[in-house]
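Next up, model00.pdb (PDB, C-alpha atoms):
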ATOM      1  CA  MET D   1     219.184 -49.483 -44.447
ATOM      2  CA  ILE D   2     219.263 -46.654 -46.999
ATOM      3  CA  ILE D   3     215.963 -45.344 -48.348
ATOM      4  CA  ILE D   4     215.941 -42.768 -51.129
ATOM      5  CA  ILE D   5     212.645 -41.021 -51.764
ATOM      6  CA  LYS D   6     211.776 -38.561 -54.496
ATOM      7  CA  LEU D   7     208.434 -36.786 -54.424
ATOM      8  CA  THR D   8     207.291 -34.544 -57.241
ATOM      9  CA  PHE D   9     204.089 -32.561 -57.652
ATOM     10  CA  ASP D  10     202.756 -35.243 -59.965
ATOM     11  CA  SER D  11     203.703 -38.186 -57.734
ATOM     12  CA  PRO D  12     200.936 -40.521 -56.556
ATOM     13  CA  LEU D  13     201.528 -39.390 -52.967
ATOM     14  CA  SER D  14     201.116 -35.677 -53.724
ATOM     15  CA  LYS D  15     197.885 -36.361 -55.631
ATOM     16  CA  ARG D  16     196.435 -38.225 -52.644
ATOM     17  CA  ILE D  17     197.239 -35.800 -49.839
ATOM     18  CA  ASN D  18     194.511 -33.516 -48.569
ATOM     19  CA  MET D  19     193.466 -32.389 -45.113
ATOM     20  CA  THR D  20     191.659 -35.655 -44.418
ATOM     21  CA  THR D  21     194.752 -37.734 -45.150
ATOM     22  CA  LEU D  22     197.399 -35.379 -43.741
ATOM     23  CA  PHE D  23     197.082 -36.829 -40.250
ATOM     24  CA  GLN D  24     196.593 -40.450 -41.302
ATOM     25  CA  PRO D  25     199.422 -43.026 -41.064
ATOM     26  CA  TYR D  26     201.588 -43.526 -44.127
ATOM     27  CA  ASP D  27     203.724 -46.510 -45.128
ATOM     28  CA  LEU D  28     207.067 -45.276 -46.428
ATOM     29  CA  GLY D  29     208.593 -48.471 -47.699
ATOM     30  CA  PRO D  30     209.160 -50.656 -44.635
ATOM     31  CA  ILE D  31     208.558 -47.749 -42.221
ATOM     32  CA  THR D  32     205.116 -46.685 -41.034
ATOM     33  CA  LEU D  33     204.871 -42.968 -40.294
ATOM     34  CA  ALA D  34     202.264 -41.622 -37.857
ATOM     35  CA  ASN D  35     201.125 -39.078 -40.460
ATOM     36  CA  HIS D  36     202.114 -37.412 -43.745
ATOM     37  CA  ILE D  37     203.965 -34.491 -42.095
ATOM     38  CA  VAL D  38     207.718 -34.159 -42.699
ATOM     39  CA  MET D  39     209.998 -31.726 -40.889
ATOM     40  CA  ALA D  40     212.574 -30.487 -43.380
ATOM     41  CA  PRO D  41     216.248 -30.290 -42.374
ATOM     42  CA  LEU D  42     217.282 -27.095 -40.589
ATOM     43  CA  THR D  43     220.951 -26.290 -39.991
ATOM     44  CA  ARG D  44     221.360 -25.477 -36.314
ATOM     45  CA  ASN D  45     225.121 -24.936 -35.814
ATOM     46  CA  ARG D  46     224.949 -26.313 -32.274
ATOM     47  CA  ALA D  47     227.054 -29.465 -32.319
ATOM     48  CA  GLY D  48     229.211 -29.976 -29.264
ATOM     49  CA  ALA D  49     232.942 -30.602 -28.984
ATOM     50  CA  GLY D  50     234.135 -32.980 -31.686
ATOM     51  CA  LEU D  51     231.051 -32.031 -33.739
ATOM     52  CA  VAL D  52     229.010 -34.468 -31.665
ATOM     53  CA  PRO D  53     225.210 -34.091 -31.443
ATOM     54  CA  ASN D  54     224.571 -33.349 -27.774
ATOM     55  CA  GLU D  55     221.678 -33.374 -25.300
ATOM     56  CA  LEU D  56     220.393 -30.120 -26.817
ATOM     57  CA  ALA D  57     220.014 -31.928 -30.165
ATOM     58  CA  ALA D  58     218.251 -34.880 -28.530
ATOM     59  CA  THR D  59     215.792 -32.516 -26.839
ATOM     60  CA  TYR D  60     215.273 -30.454 -30.018
ATOM     61  CA  TYR D  61     214.405 -33.453 -32.185
ATOM     62  CA  ALA D  62     212.370 -35.241 -29.472
ATOM     63  CA  GLN D  63     210.205 -32.110 -29.098
ATOM     64  CA  ARG D  64     209.335 -32.428 -32.799
ATOM     65  CA  ALA D  65     208.787 -36.189 -32.856
ATOM     66  CA  THR D  66     205.048 -35.917 -33.534
ATOM     67  CA  ALA D  67     205.799 -35.007 -37.140
ATOM     68  CA  GLY D  68     205.478 -38.108 -39.294
ATOM     69  CA  LEU D  69     209.138 -37.913 -40.246
ATOM     70  CA  LEU D  70     212.031 -35.745 -39.081
ATOM     71  CA  ILE D  71     214.963 -35.114 -41.403
ATOM     72  CA  THR D  72     218.000 -34.000 -39.429
ATOM     73  CA  GLU D  73     220.209 -31.067 -40.148
ATOM     74  CA  ALA D  74     222.882 -31.773 -42.738
ATOM     75  CA  THR D  75     225.498 -34.052 -41.212
ATOM     76  CA  GLN D  76     229.011 -34.387 -42.587
ATOM     77  CA  ILE D  77     230.233 -37.814 -43.612
ATOM     78  CA  SER D  78     233.939 -37.087 -42.995
ATOM     79  CA  ALA D  79     236.178 -34.460 -41.424
ATOM     80  CA  GLN D  80     236.741 -33.019 -44.917
ATOM     81  CA  ALA D  81     232.975 -32.693 -45.534
ATOM     82  CA  GLN D  82     232.408 -29.818 -43.078
ATOM     83  CA  GLY D  83     231.320 -26.516 -44.561
ATOM     84  CA  TYR D  84     229.794 -24.626 -41.675
ATOM     85  CA  GLN D  85     230.794 -23.955 -38.073
ATOM     86  CA  ASP D  86     229.528 -26.373 -35.399
ATOM     87  CA  THR D  87     227.555 -28.709 -37.672
ATOM     88  CA  PRO D  88     227.438 -32.359 -36.600
ATOM     89  CA  GLY D  89     229.287 -35.256 -38.130
ATOM     90  CA  ILE D  90     228.609 -38.973 -38.291
ATOM     91  CA  TYR D  91     232.109 -40.322 -38.989
ATOM     92  CA  THR D  92     233.497 -40.937 -35.483
ATOM     93  CA  GLN D  93     232.219 -43.300 -32.802
ATOM     94  CA  ALA D  94     231.467 -40.347 -30.495
ATOM     95  CA  GLN D  95     229.322 -38.741 -33.217
ATOM     96  CA  ILE D  96     227.532 -42.021 -33.932
ATOM     97  CA  ASP D  97     226.872 -42.392 -30.191
ATOM     98  CA  GLY D  98     225.525 -38.811 -30.109
ATOM     99  CA  TRP D  99     223.149 -39.555 -32.989
ATOM    100  CA  ARG D 100     222.090 -42.765 -31.215
ATOM    101  CA  LYS D 101     220.963 -40.640 -28.236
ATOM    102  CA  VAL D 102     219.029 -38.361 -30.596
ATOM    103  CA  THR D 103     217.442 -41.321 -32.374
ATOM    104  CA  ASP D 104     216.532 -43.017 -29.097
ATOM    105  CA  ALA D 105     214.916 -39.781 -27.822
ATOM    106  CA  VAL D 106     212.841 -39.451 -31.011
ATOM    107  CA  HIS D 107     211.832 -43.113 -30.986
ATOM    108  CA  ALA D 108     210.843 -42.840 -27.296
ATOM    109  CA  LYS D 109     208.310 -40.188 -28.371
ATOM    110  CA  GLY D 110     207.045 -42.397 -31.210
ATOM    111  CA  GLY D 111     208.799 -40.461 -33.976
ATOM    112  CA  ARG D 112     210.796 -41.472 -37.032
ATOM    113  CA  ILE D 113     214.033 -39.764 -38.047
ATOM    114  CA  PHE D 114     216.328 -39.829 -41.075
ATOM    115  CA  VAL D 115     219.765 -38.211 -41.201
ATOM    116  CA  GLN D 116     220.610 -35.869 -44.071
ATOM    117  CA  LEU D 117     224.165 -36.753 -45.146
ATOM    118  CA  TRP D 118     226.378 -34.237 -46.884
ATOM    119  CA  HIS D 119     229.796 -33.256 -48.123
ATOM    120  CA  VAL D 120     229.978 -29.567 -49.009
ATOM    121  CA  GLY D 121     232.995 -29.763 -51.322
ATOM    122  CA  ARG D 122     234.256 -26.355 -52.386
ATOM    123  CA  ILE D 123     231.842 -24.546 -50.063
ATOM    124  CA  SER D 124     234.151 -25.298 -47.145
ATOM    125  CA  HIS D 125     236.995 -23.145 -45.838
ATOM    126  CA  VAL D 126     240.537 -23.997 -44.727
ATOM    127  CA  ASP D 127     239.614 -22.980 -41.153
ATOM    128  CA  LEU D 128     237.117 -25.865 -41.101
ATOM    129  CA  GLN D 129     239.433 -28.457 -42.638
ATOM    130  CA  PRO D 130     241.741 -30.814 -40.730
ATOM    131  CA  GLY D 131     245.180 -29.237 -40.478
ATOM    132  CA  GLY D 132     244.007 -26.180 -42.448
ATOM    133  CA  ALA D 133     244.084 -28.164 -45.694
ATOM    134  CA  ALA D 134     242.357 -27.012 -48.862
ATOM    135  CA  PRO D 135     238.731 -28.167 -49.185
ATOM    136  CA  VAL D 136     238.174 -31.484 -50.951
ATOM    137  CA  ALA D 137     235.993 -30.965 -54.030
ATOM    138  CA  PRO D 138     235.451 -32.401 -57.522
ATOM    139  CA  SER D 139     237.279 -29.446 -59.083
ATOM    140  CA  ALA D 140     239.690 -26.660 -58.169
ATOM    141  CA  ILE D 141     237.148 -23.917 -58.949
ATOM    142  CA  ARG D 142     236.575 -21.693 -55.921
ATOM    143  CA  ALA D 143     233.097 -20.870 -54.646
ATOM    144  CA  GLY D 144     232.308 -17.167 -54.824
ATOM    145  CA  SER D 145     230.546 -16.753 -51.481
ATOM    146  CA  LYS D 146     231.630 -16.469 -47.855
ATOM    147  CA  THR D 147     231.294 -18.797 -44.895
ATOM    148  CA  PHE D 148     231.210 -18.187 -41.170
ATOM    149  CA  VAL D 149     234.053 -19.708 -39.191
ATOM    150  CA  ASN D 150     234.854 -19.334 -35.491
ATOM    151  CA  ASN D 151     236.466 -15.916 -35.950
ATOM    152  CA  GLY D 152     234.151 -14.257 -38.500
ATOM    153  CA  PHE D 153     233.105 -14.410 -42.161
ATOM    154  CA  TYR D 154     235.708 -15.303 -44.759
ATOM    155  CA  GLY D 155     235.739 -15.838 -48.475
ATOM    156  CA  ARG D 156     236.323 -19.312 -49.793
ATOM    157  CA  LEU D 157     239.942 -20.387 -50.041
TER     158      LEU D 157
END

This structure in structure tokens:
Amino acid sequence: MIIIIKLTFDSPLSKRINMTTLFQPYDLGPITLANHIVMAPLTRNRAGAGLVPNELAATYYAQRATAGLLITEATQISAQAQGYQDTPGIYTQAQIDGWRKVTDAVHAKGGRIFVQLWHVGRISHVDLQPGGAAPVAPSAIRAGSKTFVNNGFYGRL
């Protein structure tokens, strides 16, 4: 199931939230959240071998499960989507199994969790691409910043 949510400062939800409702349950479409608190995604750069979410990730997210909703760190949708060192993927069975362990740990604590999917396009670097290939992006225009790879900071290539 894919749920896309857009909240703005003038949305009905933002007009209704105050300290008395912050800790009350909230129905987000078909999902009931324990409260109105959302943990924003935080890049952790701690994926294991094969960019698989590991036991450290399961513990990290389970410890935060009392938030109404957890949004995971950005998670690449393909090998070409990676833009930062040691960020998790969700395109191999091992990665899916790793996220299942994370999800099960969060659910065991009563939490709800959504994965933030991404493809960084030109923000990637050849050192992060399969076979050292050029990053896959909608254009050939290089990004002007640097990224950290396993042997230091490099400009975009």

Next item on the list: Extract, using only C-alpha atoms, all DNA, RNA and protein residues at most 7 Å from stretch 121-133 of chain D, discarding same-chain residues fewer than 6 positions from it, and format them as a list in words.
Entry: Ala79, Gln80, Ala81, Gln82, Gly83, Arg142, Ala143, Val149, Arg156 and Leu157 of chain D

Next item on the list: Identify all residues satisfying the PyMOL selection byres ((chain D and resi 61) around 8) in the given file; provide them as a PyMOL selection string.
Entry: chain D and resi 57-60+62-65+70+102+105-106

Next item on the list: Go through D:Leu28, D:Ala67, D:Ile37, D:Ala94 one by one, measure the shortest atom-to-atom distance of each to D:Asn54 using only C-alpha atoms, and give the residue with the smallest value.
Entry: D:Ala94

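Atom CA of D:Gln24 is found 14.9 Å from atom CA of D:Arg112.
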
Test item: residues at most 7 Å from stretch 43-46 of chain D, only C-alpha atoms, excluding those fewer than 4 positions along its chain, as a PDB file with C-alpha atoms, in the frame of the given file:
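The new file result10.pdb reads:
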ATOM      1  CA  GLU D  73     220.209 -31.067 -40.148  1.00  0.00           C
ATOM      2  CA  ALA D  74     222.882 -31.773 -42.738  1.00  0.00           C
ATOM      3  CA  GLN D  85     230.794 -23.955 -38.073  1.00  0.00           C
ATOM      4  CA  ASP D  86     229.528 -26.373 -35.399  1.00  0.00           C
ATOM      5  CA  THR D  87     227.555 -28.709 -37.672  1.00  0.00           C
TER       6      THR D  87
END

Check: Between atom CA of D:Thr103 and atom CA of D:Ala47, what is the spacing in Å?
Finding: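 Distance reported for this atom pair: 15.3 Å.
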
Check: Suppose you want the space between atom CA of D:Gly111 and atom CA of D:Gly29; what is it in Å?
Finding: 15.9 Å

Margin query: Here's the selection I'm unsure about, the PyMOL selection byres ((chain D and resi 35) around 9); applied to the file above, which residues does it give, as a PyMOL selection string?
Written below: chain D and resi 21-26+32-34+36-38+66-69

Emit the selected residues as a short mmCIF file (atom, residue, chain, number, x, y, z; two decimals), in the coordinates of the input, including C-alpha atoms.
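Heads up, here's the output in selection.cif:
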data_model
loop_
_atom_site.label_atom_id
_atom_site.label_comp_id
_atom_site.auth_asym_id
_atom_site.auth_seq_id
_atom_site.Cartn_x
_atom_site.Cartn_y
_atom_site.Cartn_z
CA THR D 21 194.75 -37.73 -45.15
CA LEU D 22 197.40 -35.38 -43.74
CA PHE D 23 197.08 -36.83 -40.25
CA GLN D 24 196.59 -40.45 -41.30
CA PRO D 25 199.42 -43.03 -41.06
CA TYR D 26 201.59 -43.53 -44.13
CA THR D 32 205.12 -46.68 -41.03
CA LEU D 33 204.87 -42.97 -40.29
CA ALA D 34 202.26 -41.62 -37.86
CA HIS D 36 202.11 -37.41 -43.74
CA ILE D 37 203.96 -34.49 -42.10
CA VAL D 38 207.72 -34.16 -42.70
CA THR D 66 205.05 -35.92 -33.53
CA ALA D 67 205.80 -35.01 -37.14
CA GLY D 68 205.48 -38.11 -39.29
CA LEU D 69 209.14 -37.91 -40.25
#

Next item on the list: For each of D:Leu56, D:Ile141, D:Ala49, D:Ile71, take the minimum atom-to-atom distance to D:Phe114, counting all atoms listed in the file, then give the residue where this is smallest.
Entry: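 Closest residue, counting all atoms listed in the file: D:Ile71.
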
Calculate, to one decimal in Å, the centre and edge lengths of the box along x, y and z of the file that holds all listed atoms of stretch 23-33 of chain D with 3 Å of margin on each side, and present them as lines of an AutoDock Vina configuration file.
center_x = 202.9
center_y = -43.7
center_z = -44.0
size_x = 18.6
size_y = 19.8
size_z = 13.4

Note to self: Using all atoms listed in the file, can you tell me which of D:Val115, D:Asp27, D:Phe148, D:Thr92 comes closest to D:Ala40?
What the structure shows: D:Val115

Margin query: Calculated over all atoms listed in the file, which of the candidates D:Pro138, D:Pro53, D:Val120, D:Thr147 has the smallest distance to D:Pro88?
Written below: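 Closest residue, counting all atoms listed in the file: D:Pro53.
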
Next item on the list: Name the closest residue to D:His119 among the candidates D:Leu51, D:Ile96, D:Ile77, D:Ile90; distances are taken between atoms, counting all atoms listed in the file.
Entry: D:Ile77

Next item on the list: Would you kindly translate the PyMOL selection byres ((chain D and resi 117) around 6) into the concrete residues it picks from this file, as a list in words?
Entry: Ala74, Thr75, Gln76, Gln116 and Trp118 of chain D
